[in-house]
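Quick notes on the structure that follows.
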Amino acid sequence: MIHFRPGSQMHQLLTLLSVVGEFPLRFIHLLGNERVYKTLISKLTSPQILREYGTEEETRCRLLTLAGKGAGKAVRLYKGALPLLRKLGAYEYYMEAFWGHRFPGDAAHRERNFRVAEAVALCMNAGVETRPYHLPKLQNSAIMNVVPTTPSLYLSKELKRVGKTEMNKTMYVRMIGALFSGRECFAVYNTRNAAMKWNGMGEFKALHHLIEIGRMNAGIGEIDSAILMGESDEIAIKTLAADRENRRSERFDGIYRHIYFVPLNEFGGRLLRVLITPNRNEKLLGKLFPPNLRSYDRGAFEYDAYMNGTYILSHLDGDIGRLIRFREGIENQHLQCEVLCYPEQVKFLKAYLEELASLKTISLDAVESVLK
């Protein structure tokens, strides 16, 4: 017998599928214990006795189905799960978003769905509200406090509804959505297992539209940050290498000053929680360095502190935009430099910085303790 109750793994899985439609099996670890979730999915692809929380009612139904093969294999809701969507308050949204429970079979739609699904799963586990049917609707008629003060992810489908123009139909091809957290807003991208390919003018237009949404719905006057998700640190390296070949105006740090790389794994989920912590940088830098040693962004290049003849940059938020400017500031000079990072970031930073700076590691546990 399967119990359908809030907080259970089945409840979490059905909630996720109500938002994203389908989820790639190879990234099921983003939800939690991979073995447990694979066992649950296997069980729910055949008829089970289901008892709903708070009632004595029992029904026999099949809830999930599998589609595709290999790296494209995905889990979807079976028609037997549709009545449960009404109890989640998700039925109308799901049927409208996913063509009445019918999915296009082409690779482009599947790839887009997977990129959204992985980003939503990581955000869900970080405590971000991702359910469009539970979020207030965005608008562009007046300056209002529409967006919740708690972390909330608005998917690109919802962003496109604001100010429906022909341009908006293709504006958010790459952007997954916008993550609002307090007084910050991050454009969210997921490049999966390939280097990110940027369309300079397209991304600039999307950012301009997002700034307007942030101003009208959250009172945020400036947006200069993006979260870039990817399968591994190797993807970050490839993205940086490819981006160096572009003109400055078309580089992603020419569009977003801050680009936070978040890998699609457990470490990435914890790093995302760091990013959505209010006043995170001041809390960390204030703990790490005395005020008289900090740069406060007044240096000749990007760094955080100058101590004992060494220029120090904190990479504890995964900001590769600052990392680019740090490297550009030191690569033609003979300076003693150091980067603070997590052990999980060492391989990537050694590959990117080479011999330009030494690395000093700090555990994520220690950072989480400070931020709490």
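We label chains A, B, ... in the order they appear in the structure tokens, count residues from 1 in each chain, and number ligands from 1 in the order shown.
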
List the spatial neighbours of range 135-148 of chain A as a list of chain:residue names - criterion: any atom at most 8 Å away, only C-alpha atoms, same-chain residues fewer than 6 positions off excluded.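 Within the cut-off, the hits are A:Glu129, A:Glu158, A:Leu159, A:Val162, A:Gly163, A:Phe180, A:Ile213, A:Arg215, A:Met216, A:Asn217, A:Ala218, A:Gly219.
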
Per residue of range 106-177 of chain A within 10 Å of range 19-23 of chain A, which atom pair is closest and at what distance in Å (one decimal), using only C-alpha atoms, listed by chain and increasing number, as CSV?
```
residue,atom,partner,partner_atom,distance
A:Arg110,CA,A:Glu22,CA,8.6
A:Asn113,CA,A:Val20,CA,6.8
A:Phe114,CA,A:Phe23,CA,6.2
A:Arg115,CA,A:Phe23,CA,9.3
A:Val116,CA,A:Val20,CA,6.8
A:Ala117,CA,A:Val20,CA,5.3
A:Glu118,CA,A:Phe23,CA,7.4
A:Ala119,CA,A:Val20,CA,9.8
A:Val120,CA,A:Val20,CA,7.6
A:Ala121,CA,A:Phe23,CA,9.0
A:Thr130,CA,A:Val19,CA,7.7
A:Arg131,CA,A:Val19,CA,6.1
A:Pro132,CA,A:Val19,CA,7.3
A:Tyr133,CA,A:Val19,CA,8.7
A:Leu155,CA,A:Val19,CA,9.5
```

Taking only range 11-111 of chain A into account, list the residues labelled strand (DSSP E) by DSSP (computed from the backbone), as a count of residues only. 20

Residues near Leu50 in chain A, anyone? I mean within 9 Å using only C-alpha atoms, not counting same-chain ones fewer than 4 positions away, as a PyMOL selection string. chain A and resi 1-4+57-61

Write the residues of the preceding selection, restricted to N, CA and C atoms, as a compact mmCIF listing (two decimals), in the first residue's frame.
```
# COMPACT_ATOMS: atom_id res chain seq x y z
N MET A 1 0.84 -1.20 0.00
CA MET A 1 0.00 0.00 0.00
C MET A 1 0.88 1.24 0.00
N ILE A 2 0.47 2.26 -0.78
CA ILE A 2 1.18 3.53 -0.87
C ILE A 2 0.35 4.61 -0.19
N HIS A 3 0.98 5.37 0.72
CA HIS A 3 0.30 6.47 1.41
C HIS A 3 0.66 7.79 0.73
N PHE A 4 -0.36 8.53 0.30
CA PHE A 4 -0.15 9.82 -0.34
C PHE A 4 -0.35 10.91 0.70
N GLU A 57 -10.10 6.25 2.48
CA GLU A 57 -10.38 5.82 1.11
C GLU A 57 -9.15 5.17 0.48
N GLU A 58 -9.41 4.08 -0.21
CA GLU A 58 -8.34 3.38 -0.91
C GLU A 58 -8.75 3.18 -2.37
N THR A 59 -7.80 3.41 -3.25
CA THR A 59 -8.03 3.19 -4.68
C THR A 59 -6.86 2.42 -5.25
N ARG A 60 -7.14 1.69 -6.30
CA ARG A 60 -6.07 0.96 -6.99
C ARG A 60 -5.80 1.68 -8.30
N CYS A 61 -4.58 2.15 -8.49
CA CYS A 61 -4.27 2.90 -9.71
C CYS A 61 -2.77 2.86 -10.00
```

Quick one: pull the distance between CA of Arg26 in chain A and CA of Tyr91 in chain A, Å, one decimal.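 Calculated distance between CA of Arg26 in chain A and CA of Tyr91 in chain A is 26.5 Å.
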
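CA of Tyr256 in chain A to CA of Met229 in chain A spans 14.7 Å [interatomic distance, one decimal].
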
Using only C-alpha atoms, which of the listed residues (A:Val370, A:Ala74, A:Leu323, A:Leu14) sits closest to Leu88 in chain A? A:Leu14

For Glu344 in chain A, the nearest of the candidates A:Asp319, A:Glu222, A:Glu184, A:Glu266, counting only C-alpha atoms: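 The answer is A:Glu266, which sits nearest to Glu344 in chain A.
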